[in-house]
Each structure stands twice: as structure tokens, then as C-alpha cells.
file coords.cif (mmCIF, C-alpha atoms)
data_protein
loop_
_atom_site.group_PDB
_atom_site.id
_atom_site.type_symbol
_atom_site.label_atom_id
_atom_site.label_comp_id
_atom_site.auth_asym_id
_atom_site.auth_seq_id
_atom_site.Cartn_x
_atom_site.Cartn_y
_atom_site.Cartn_z
ATOM 1 C CA MET A 224 130.161 88.253 99.266
ATOM 2 C CA GLY A 225 127.694 90.868 98.019
ATOM 3 C CA TRP A 226 125.343 93.122 99.925
ATOM 4 C CA ILE A 227 122.452 90.698 99.422
ATOM 5 C CA ASP A 228 124.439 87.972 101.216
ATOM 6 C CA VAL A 229 125.125 90.381 104.070
ATOM 7 C CA LEU A 230 121.440 91.329 104.235
ATOM 8 C CA ILE A 231 120.367 87.667 104.312
ATOM 9 C CA ILE A 232 122.829 86.824 107.091
ATOM 10 C CA VAL A 233 121.688 89.829 109.146
ATOM 11 C CA ILE A 234 118.012 88.864 108.740
ATOM 12 C CA LEU A 235 118.711 85.262 109.775
ATOM 13 C CA MET A 236 120.843 86.342 112.745
ATOM 14 C CA ILE A 237 118.319 88.881 114.040
ATOM 15 C CA ASN A 238 115.408 86.454 113.806
ATOM 16 C CA GLY A 239 117.502 83.602 115.206
ATOM 17 C CA ILE A 240 118.633 85.630 118.227
ATOM 18 C CA HIS A 241 115.107 86.911 118.766
ATOM 19 C CA GLY A 242 113.794 83.338 118.621
ATOM 20 C CA TRP A 243 116.465 82.144 121.070
ATOM 21 C CA GLN A 244 115.533 84.896 123.530
ATOM 22 C CA LYS A 245 111.785 84.293 123.301
ATOM 23 C CA GLY A 246 112.006 80.512 123.154
ATOM 24 C CA PHE A 247 110.181 77.991 121.006
ATOM 25 C CA ILE A 248 106.766 78.438 122.656
ATOM 26 C CA LEU A 249 106.481 82.228 122.387
ATOM 27 C CA THR A 250 108.084 82.370 118.934
ATOM 28 C CA THR A 251 105.748 79.728 117.517
ATOM 29 C CA PHE A 252 102.625 81.170 119.130
ATOM 30 C CA SER A 253 103.475 84.695 117.966
ATOM 31 C CA MET A 254 103.610 83.405 114.379
ATOM 32 C CA MET A 255 100.515 81.203 114.556
ATOM 33 C CA SER A 256 98.187 83.128 116.875
ATOM 34 C CA PHE A 257 97.092 85.641 114.207
ATOM 35 C CA LEU A 258 96.287 82.865 111.733
ATOM 36 C CA ILE A 259 94.415 80.779 114.314
ATOM 37 C CA ALA A 260 92.487 83.772 115.679
ATOM 38 C CA GLY A 261 91.555 84.889 112.165
ATOM 39 C CA PHE A 262 90.421 81.387 111.202
ATOM 40 C CA VAL A 263 88.273 80.989 114.332
ATOM 41 C CA ALA A 264 86.735 84.448 113.859
ATOM 42 C CA LYS A 265 85.885 83.715 110.232
ATOM 43 C CA ILE A 266 84.302 80.321 110.946
ATOM 44 C CA TYR A 267 82.436 81.010 114.185
ATOM 45 C CA HIS A 268 81.433 84.682 114.000
ATOM 46 C CA PRO A 269 77.914 83.760 112.709
ATOM 47 C CA VAL A 270 77.278 81.971 116.023
ATOM 48 C CA LEU A 271 78.169 85.081 118.026
ATOM 49 C CA SER A 272 76.204 87.274 115.610
ATOM 50 C CA ASP A 273 73.086 85.151 116.149
ATOM 51 C CA TYR A 274 73.552 85.425 119.912
ATOM 52 C CA ILE A 275 73.814 89.223 119.697
ATOM 53 C CA LEU A 276 70.760 89.370 117.420
ATOM 54 C CA ARG A 277 68.772 87.506 120.066
ATOM 55 C CA ASN A 278 69.421 90.430 122.416
ATOM 56 C CA PRO A 279 66.612 92.776 121.297
ATOM 57 C CA LYS A 280 67.739 95.762 123.380
ATOM 58 C CA PHE A 281 71.199 95.916 121.836
ATOM 59 C CA PHE A 282 69.935 95.196 118.324
ATOM 60 C CA LEU A 283 67.200 97.844 118.488
ATOM 61 C CA PHE A 284 69.619 100.399 119.936
ATOM 62 C CA LEU A 285 72.133 99.789 117.164
ATOM 63 C CA GLN A 286 69.412 99.719 114.515
ATOM 64 C CA GLU A 287 68.009 103.037 115.737
ATOM 65 C CA THR A 288 71.478 104.617 115.726
ATOM 66 C CA VAL A 289 72.228 103.381 112.210
ATOM 67 C CA GLY A 290 68.751 104.427 111.079
ATOM 68 C CA GLU A 291 69.411 107.985 112.209
ATOM 69 C CA LYS A 292 72.671 108.008 110.251
ATOM 70 C CA VAL A 293 70.910 106.682 107.151
ATOM 71 C CA GLU A 294 68.250 109.357 107.502
ATOM 72 C CA THR A 295 71.043 111.933 107.735
ATOM 73 C CA ALA A 296 72.460 110.588 104.483
ATOM 74 C CA SER A 297 69.071 111.049 102.865
ATOM 75 C CA ALA A 298 68.825 114.623 104.133
ATOM 76 C CA MET A 299 72.311 115.422 102.831
ATOM 77 C CA GLU A 300 71.292 114.176 99.390
ATOM 78 C CA GLY A 301 68.251 116.429 99.576
ATOM 79 C CA THR A 302 66.032 113.652 98.246
ATOM 80 C CA GLY A 303 64.171 110.613 99.460
ATOM 81 C CA MET A 304 65.692 107.356 100.627
ATOM 82 C CA GLU A 305 65.341 105.876 97.172
ATOM 83 C CA SER A 306 68.065 108.255 95.915
ATOM 84 C CA VAL A 307 70.653 107.663 98.633
ATOM 85 C CA SER A 308 73.872 106.252 97.220
ATOM 86 C CA ASN A 309 75.866 103.521 98.933
ATOM 87 C CA GLN A 310 79.006 105.645 98.998
ATOM 88 C CA ASN A 311 77.249 108.576 100.670
ATOM 89 C CA ILE A 312 75.927 106.312 103.430
ATOM 90 C CA PHE A 313 79.428 105.034 104.128
ATOM 91 C CA GLU A 314 80.778 108.593 104.255
ATOM 92 C CA VAL A 315 78.101 109.670 106.730
ATOM 93 C CA LEU A 316 78.761 106.601 108.889
ATOM 94 C CA LYS A 317 82.476 107.528 108.906
ATOM 95 C CA LEU A 318 83.528 104.068 107.719
ATOM 96 C CA PRO A 319 87.121 103.462 106.579
ATOM 97 C CA LYS A 320 87.398 103.530 102.797
ATOM 98 C CA GLY A 321 88.555 99.910 102.633
ATOM 99 C CA LEU A 322 85.682 98.676 104.791
ATOM 100 C CA GLY A 323 83.180 100.663 102.769
ATOM 101 C CA GLU A 324 84.440 99.128 99.537
ATOM 102 C CA LEU A 325 84.279 95.661 101.097
ATOM 103 C CA LEU A 326 80.686 96.156 102.224
ATOM 104 C CA MET A 327 79.650 97.502 98.817
ATOM 105 C CA LYS A 328 80.870 94.258 97.215
ATOM 106 C CA SER A 329 78.963 92.048 99.664
ATOM 107 C CA GLU A 330 75.812 90.193 98.609
ATOM 108 C CA THR A 331 73.908 91.849 101.440
ATOM 109 C CA MET A 332 74.682 95.332 100.162
ATOM 110 C CA GLN A 333 73.883 94.338 96.583
ATOM 111 C CA ASP A 334 70.537 93.077 97.810
ATOM 112 C CA TYR A 335 70.082 96.386 99.629
ATOM 113 C CA SER A 336 70.863 98.311 96.440
ATOM 114 C CA ALA A 337 67.996 96.557 94.683
ATOM 115 C CA ARG A 338 65.520 97.084 97.504
ATOM 116 C CA ALA A 339 66.593 100.654 98.239
ATOM 117 C CA MET A 340 64.772 101.689 95.098
ATOM 118 C CA GLU A 341 61.593 100.838 96.977
ATOM 119 C CA GLY A 342 62.489 103.483 99.586
ATOM 120 C CA VAL A 343 62.468 101.068 102.525
ATOM 121 C CA GLN A 344 64.458 102.946 105.168
ATOM 122 C CA SER A 345 63.927 100.352 107.890
ATOM 123 C CA TYR A 346 65.308 97.651 105.616
ATOM 124 C CA ILE A 347 68.464 99.674 104.919
ATOM 125 C CA ALA A 348 69.014 100.261 108.635
ATOM 126 C CA ASP A 349 68.429 96.561 109.330
ATOM 127 C CA VAL A 350 70.950 95.456 106.686
ATOM 128 C CA LEU A 351 73.655 97.842 107.887
ATOM 129 C CA THR A 352 72.996 96.906 111.517
ATOM 130 C CA ARG A 353 73.487 93.220 110.763
ATOM 131 C CA MET A 354 76.704 94.058 108.912
ATOM 132 C CA PHE A 355 78.013 95.953 111.918
ATOM 133 C CA ILE A 356 77.045 93.083 114.221
ATOM 134 C CA ASP A 357 78.995 90.676 111.998
ATOM 135 C CA LEU A 358 81.992 93.002 112.105
ATOM 136 C CA ILE A 359 81.741 93.365 115.891
ATOM 137 C CA SER A 360 81.490 89.576 116.254
ATOM 138 C CA ILE A 361 84.611 89.049 114.145
ATOM 139 C CA LEU A 362 86.603 91.591 116.162
ATOM 140 C CA ILE A 363 85.449 90.180 119.511
ATOM 141 C CA LEU A 364 86.268 86.589 118.566
ATOM 142 C CA PHE A 365 89.638 87.577 117.116
ATOM 143 C CA MET A 366 90.674 89.496 120.237
ATOM 144 C CA VAL A 367 89.392 86.837 122.662
ATOM 145 C CA VAL A 368 91.108 83.958 120.834
ATOM 146 C CA LYS A 369 94.315 86.003 120.505
ATOM 147 C CA LEU A 370 94.237 86.783 124.237
ATOM 148 C CA VAL A 371 93.623 83.138 125.173
ATOM 149 C CA LEU A 372 96.470 81.978 122.933
ATOM 150 C CA ASN A 373 98.806 84.588 124.424
ATOM 151 C CA LEU A 374 97.923 83.470 127.964
ATOM 152 C CA LEU A 375 98.406 79.831 126.976
ATOM 153 C CA ALA A 376 101.761 80.699 125.418
ATOM 154 C CA ARG A 377 102.873 82.429 128.628
ATOM 155 C CA ILE A 378 101.869 79.417 130.734
ATOM 156 C CA LEU A 379 103.632 76.951 128.447
ATOM 157 C CA HIS A 380 106.660 79.250 128.264
ATOM 158 C CA GLY A 381 106.831 79.247 132.057
ATOM 159 C CA ILE A 382 106.801 75.449 132.090
ATOM 160 C CA ALA A 383 109.373 75.290 129.287
ATOM 161 C CA SER A 384 111.631 77.660 131.244
ATOM 162 C CA LEU A 385 112.302 74.942 133.829
ATOM 163 C CA PRO A 386 115.998 73.948 133.871
ATOM 164 C CA ILE A 387 115.356 70.585 132.216
ATOM 165 C CA LEU A 388 113.375 72.054 129.305
ATOM 166 C CA SER A 389 114.983 75.487 129.024
ATOM 167 C CA SER A 390 117.728 74.447 126.595
ATOM 168 C CA PHE A 391 115.261 72.694 124.294
ATOM 169 C CA ASN A 392 112.964 75.727 124.442
ATOM 170 C CA HIS A 393 115.766 78.095 123.430
ATOM 171 C CA LEU A 394 117.081 75.794 120.704
ATOM 172 C CA GLY A 395 113.572 75.345 119.343
ATOM 173 C CA GLY A 396 113.089 79.111 119.410
ATOM 174 C CA LEU A 397 116.365 79.555 117.541
ATOM 175 C CA SER A 398 115.244 77.083 114.864
ATOM 176 C CA VAL A 399 111.830 78.695 114.439
ATOM 177 C CA GLY A 400 113.417 82.153 114.398
ATOM 178 C CA VAL A 401 115.834 81.172 111.633
ATOM 179 C CA ALA A 402 112.944 79.588 109.701
ATOM 180 C CA LYS A 403 110.974 82.821 110.074
ATOM 181 C CA GLY A 404 113.981 84.800 108.855
ATOM 182 C CA LEU A 405 114.342 82.456 105.893
ATOM 183 C CA LEU A 406 110.697 83.029 105.002
ATOM 184 C CA ILE A 407 111.303 86.788 105.082
ATOM 185 C CA VAL A 408 114.315 86.301 102.788
ATOM 186 C CA PHE A 409 112.288 84.249 100.294
ATOM 187 C CA ILE A 410 109.547 86.896 100.280
ATOM 188 C CA PHE A 411 112.178 89.585 99.648
ATOM 189 C CA LEU A 412 113.713 87.576 96.790
ATOM 190 C CA THR A 413 110.237 87.067 95.323
ATOM 191 C CA LEU A 414 109.548 90.807 95.414
ATOM 192 C CA ILE A 415 112.782 91.685 93.602
ATOM 193 C CA THR A 416 112.246 89.034 90.898
ATOM 194 C CA PRO A 417 110.282 91.391 88.562
ATOM 195 C CA PHE A 418 113.054 94.006 88.813
ATOM 196 C CA THR A 419 115.802 91.502 87.982
ATOM 197 C CA ALA A 420 113.743 90.053 85.122
ATOM 198 C CA MET A 421 112.728 93.343 83.474
ATOM 199 C CA THR A 422 115.921 95.368 83.865
ATOM 200 C CA LYS A 423 119.319 94.471 82.468
ATOM 201 C CA GLN A 424 121.205 96.302 85.175
ATOM 202 C CA SER A 425 119.912 97.340 88.586
ATOM 203 C CA ILE A 426 121.016 97.326 92.190
ATOM 204 C CA PHE A 427 119.332 93.933 92.611
ATOM 205 C CA THR A 428 120.922 92.262 89.579
ATOM 206 C CA GLU A 429 124.340 93.570 90.598
ATOM 207 C CA GLY A 430 123.754 92.373 94.145
ATOM 208 C CA LEU A 431 122.831 88.884 92.964
ATOM 209 C CA GLU A 432 125.876 88.703 90.672
ATOM 210 C CA ASP A 433 128.156 89.267 93.675
ATOM 211 C CA ALA A 434 126.161 86.983 95.977
ATOM 212 C CA PHE A 435 126.692 83.293 96.675
ATOM 213 C CA LEU A 436 124.051 82.460 99.281
ATOM 214 C CA GLY A 437 121.608 84.963 97.801
ATOM 215 C CA LYS A 438 121.998 83.554 94.284
ATOM 216 C CA TYR A 439 121.415 80.002 95.514
ATOM 217 C CA LEU A 440 118.264 80.951 97.444
ATOM 218 C CA TYR A 441 117.095 83.081 94.500
ATOM 219 C CA ASP A 442 117.392 80.086 92.150
ATOM 220 C CA HIS A 443 115.704 77.716 94.640
ATOM 221 C CA ASN A 444 112.889 79.953 95.896
ATOM 222 C CA PRO A 445 109.922 77.755 96.989
ATOM 223 C CA ILE A 446 107.509 80.686 96.636
ATOM 224 C CA ILE A 447 108.385 81.051 92.945
ATOM 225 C CA ALA A 448 108.100 77.278 92.536
ATOM 226 C CA MET A 449 104.635 77.403 94.107
ATOM 227 C CA PHE A 450 103.540 80.125 91.680
ATOM 228 C CA GLU A 451 104.821 78.040 88.772
ATOM 229 C CA ARG A 452 102.720 75.048 89.879
ATOM 230 C CA ILE A 453 99.649 77.257 90.224
ATOM 231 C CA THR A 454 100.069 78.710 86.725
ATOM 232 C CA GLU A 455 100.480 75.209 85.303
ATOM 233 C CA ILE A 456 97.099 74.270 86.760
#

call {"tool": "encode", "arguments": {"input": "coords.cif", "output": "C-alpha cells"}}
result
Amino acid sequence: MGWIDVLIIVILMINGIHGWQKGFILTTFSMMSFLIAGFVAKIYHPVLSDYILRNPKFFLFLQETVGEKVETASAMEGTGMESVSNQNIFEVLKLPKGLGELLMKSETMQDYSARAMEGVQSYIADVLTRMFIDLISILILFMVVKLVLNLLARILHGIASLPILSSFNHLGGLSVGVAKGLLIVFIFLTLITPFTAMTKQSIFTEGLEDAFLGKYLYDHNPIIAMFERITEI
């Protein structure tokens, strides 16, 4: 038994025990709540954005605040609004680098880049304000859905903790925990694949040579199989 086998067993045991302790309900909801909340936020945030836009006081306040920041960007450039760069605006607004890059790639910002040459400051402020409202809507929906799912999980966990259902809840949690651990193992084996393929001798290749369980899972990795099907298409 090599160190990779030991690592795999430890990962499965830790996740299995954790799943047993939390139970099926909490373990499943903890895995799925982020995906569900993200999906709901992505699909329905335009509805919340439209609702916020129909509140003129909030929209005008945010637009005025953003407009002042945009004007500051113009002053820092020392030229008119037509010369303000996208990157400088994001720096003045103190946006995270990743978010700034994401906004610069959006169709809305590309449309702004074309119209900014006309020197329309109000349009720039309006575009950025709507972007912020979309971002706020996504965050609100994500947090609300996540909170609701957590509350629902707690309620269902309380019901599942009844003596009749408790054993099934723990066994289900154990199963889901082991499945989660197995997913982590497959991801790990996928990540080390380039190292084992490109180097004749490394800590990973040596570990796999001494492994039994690890070698079997490495040769039957569903993530690698999925990539192979995608490349065939």
C-alpha cells in the first residue's frame, strides 16, 4: 500500500465520518445549496433588477454616486470624459480586479466604450449603475436562496433526527459523505495526471506504482473519461 492509497482512505474516512455526523439532509444540502442558489440568482436576477430600477429614489441616488466617481476619473486623467479609459474608471471605483475584467468584457461595457467617445457622462453613469444593480441583485438572490435552503435543511434535519428516521439519516449522510470524498479523490487524480504523463519519475508516479486502490481509480477516472468524450465531439 502506497502513500496515495493511504491518502485516499483518509479522505474517504474523513468525509464519511463528517457525513455520518451531519446526516443525509445537511450533507446533501451543503453540497447542493451553492449550486441551486447560484442557478436561481443567474436566472432570476433580471426580475429583481427591474424591480430595483422601478424605485427612482434608489436608482437616482446610486446613479449620482457613480456619476461623481466617473467625474473623478475624468479629473484624474486631466482630460474630458471622452478620454477616460475603462481601467481607470474601475480603479477609481475600487472594484476588484476580477470584477473589473469581467465588466470590461460585457456587451454593456463594450457599448459604453463606443459611446464614450461622444463624451456622454450621464450615459456612462447610467451603464455602470445598471451593472451595479445587476450585481446587487445577484448577491441578494444568492444569499436569500442560500439562507432559505439552510433553514429548510435544519427543519428537515430535525424531522430526520426522530428515532425512527435517525439511522437512515446517518447512513444516508455516510453514503453522501463517502461519495463526496470519492469526488475529491477523482479531482486529485485528474490534477496529477499531467505530472504522471509528462515526467518519467516523480512523487506521483512512484506513489501510483506502489498503490492498488489509487491505481485502479486512476485508470477508471470518470472525469478523464468525460474529457475524452468531449474531445471526441

call {"tool": "resolve_selection", "arguments": {"input": "coords.cif", "expression": "the PyMOL selection byres ((chain A and resi 444) around 12)", "output": "JSON, numbers by chain"}}
result
{"A": [405, 406, 407, 408, 409, 410, 411, 412, 413, 414, 415, 416, 436, 437, 438, 439, 440, 441, 442, 443, 445, 446, 447, 448, 449, 450, 451]}

call {"tool": "residues_near_point", "arguments": {"input": "coords.cif", "point": "(91.1, 80.8, 118.2)", "cutoff": "8 Å", "atoms": "only C-alpha atoms", "output": "compact mmCIF listing (two decimals) with C-alpha atoms, in the frame of the given file"}}
result
# COMPACT_ATOMS: atom_id res chain seq x y z
CA SER A 256 98.19 83.13 116.88
CA ILE A 259 94.42 80.78 114.31
CA ALA A 260 92.49 83.77 115.68
CA GLY A 261 91.56 84.89 112.16
CA PHE A 262 90.42 81.39 111.20
CA VAL A 263 88.27 80.99 114.33
CA ALA A 264 86.74 84.45 113.86
CA LEU A 364 86.27 86.59 118.57
CA PHE A 365 89.64 87.58 117.12
CA VAL A 367 89.39 86.84 122.66
CA VAL A 368 91.11 83.96 120.83
CA LYS A 369 94.32 86.00 120.50
CA VAL A 371 93.62 83.14 125.17
CA LEU A 372 96.47 81.98 122.93

call {"tool": "resolve_selection", "arguments": {"input": "coords.cif", "expression": "the PyMOL selection byres ((chain A and resi 359) around 12)", "output": "JSON, numbers by chain"}}
result
{"A": [264, 265, 268, 269, 271, 272, 273, 275, 276, 285, 352, 353, 354, 355, 356, 357, 358, 360, 361, 362, 363, 364, 365, 366]}

call {"tool": "residues_around", "arguments": {"input": "coords.cif", "residues": "Val401 of chain A", "least_positions_apart": "2", "cutoff": "10 Å", "atoms": "only C-alpha atoms", "output": "PDB file with C-alpha atoms, in the coordinates of the input"}}
result
ATOM      1  CA  ILE A 234     118.012  88.864 108.740  1.00  0.00           C
ATOM      2  CA  LEU A 235     118.711  85.262 109.775  1.00  0.00           C
ATOM      3  CA  MET A 236     120.843  86.342 112.745  1.00  0.00           C
ATOM      4  CA  ILE A 237     118.319  88.881 114.040  1.00  0.00           C
ATOM      5  CA  ASN A 238     115.408  86.454 113.806  1.00  0.00           C
ATOM      6  CA  GLY A 239     117.502  83.602 115.206  1.00  0.00           C
ATOM      7  CA  ILE A 240     118.633  85.630 118.227  1.00  0.00           C
ATOM      8  CA  HIS A 241     115.107  86.911 118.766  1.00  0.00           C
ATOM      9  CA  GLY A 242     113.794  83.338 118.621  1.00  0.00           C
ATOM     10  CA  TRP A 243     116.465  82.144 121.070  1.00  0.00           C
ATOM     11  CA  GLY A 395     113.572  75.345 119.343  1.00  0.00           C
ATOM     12  CA  GLY A 396     113.089  79.111 119.410  1.00  0.00           C
ATOM     13  CA  LEU A 397     116.365  79.555 117.541  1.00  0.00           C
ATOM     14  CA  SER A 398     115.244  77.083 114.864  1.00  0.00           C
ATOM     15  CA  VAL A 399     111.830  78.695 114.439  1.00  0.00           C
ATOM     16  CA  LYS A 403     110.974  82.821 110.074  1.00  0.00           C
ATOM     17  CA  GLY A 404     113.981  84.800 108.855  1.00  0.00           C
ATOM     18  CA  LEU A 405     114.342  82.456 105.893  1.00  0.00           C
ATOM     19  CA  LEU A 406     110.697  83.029 105.002  1.00  0.00           C
ATOM     20  CA  ILE A 407     111.303  86.788 105.082  1.00  0.00           C
TER      21      ILE A 407
END

call {"tool": "atom_distance", "arguments": {"input": "coords.cif", "atom1": "atom CA of His393 of chain A", "atom2": "atom CA of His380 of chain A"}}
result
10.4 Å

call {"tool": "axis_aligned_box", "arguments": {"input": "coords.cif", "around": "segment 231-243 of chain A", "padding_each_side": "3 Å", "output": "AutoDock Vina command-line options"}}
result
--center_x 118.3 --center_y 86.0 --center_z 112.7 --size_x 15.0 --size_y 13.7 --size_z 22.8

call {"tool": "atom_distance", "arguments": {"input": "coords.cif", "atom1": "atom CA of Thr250 of chain A", "atom2": "atom CA of Ala376 of chain A"}}
result
9.2 Å

call {"tool": "closest_residue", "arguments": {"input": "coords.cif", "among": "A:Ala434, A:Thr251, A:Leu258, A:Phe418", "to": "Ile232 of chain A", "atoms": "only C-alpha atoms"}}
result
A:Ala434

call {"tool": "closest_residue", "arguments": {"input": "coords.cif", "among": "A:Met224, A:Leu379, A:Met254, A:Leu283", "to": "Ala402 of chain A", "atoms": "only C-alpha atoms"}}
result
A:Met254

call {"tool": "atom_distance", "arguments": {"input": "coords.cif", "atom1": "atom CA of Pro386 of chain A", "atom2": "atom CA of Leu370 of chain A"}}
result
27.0 Å
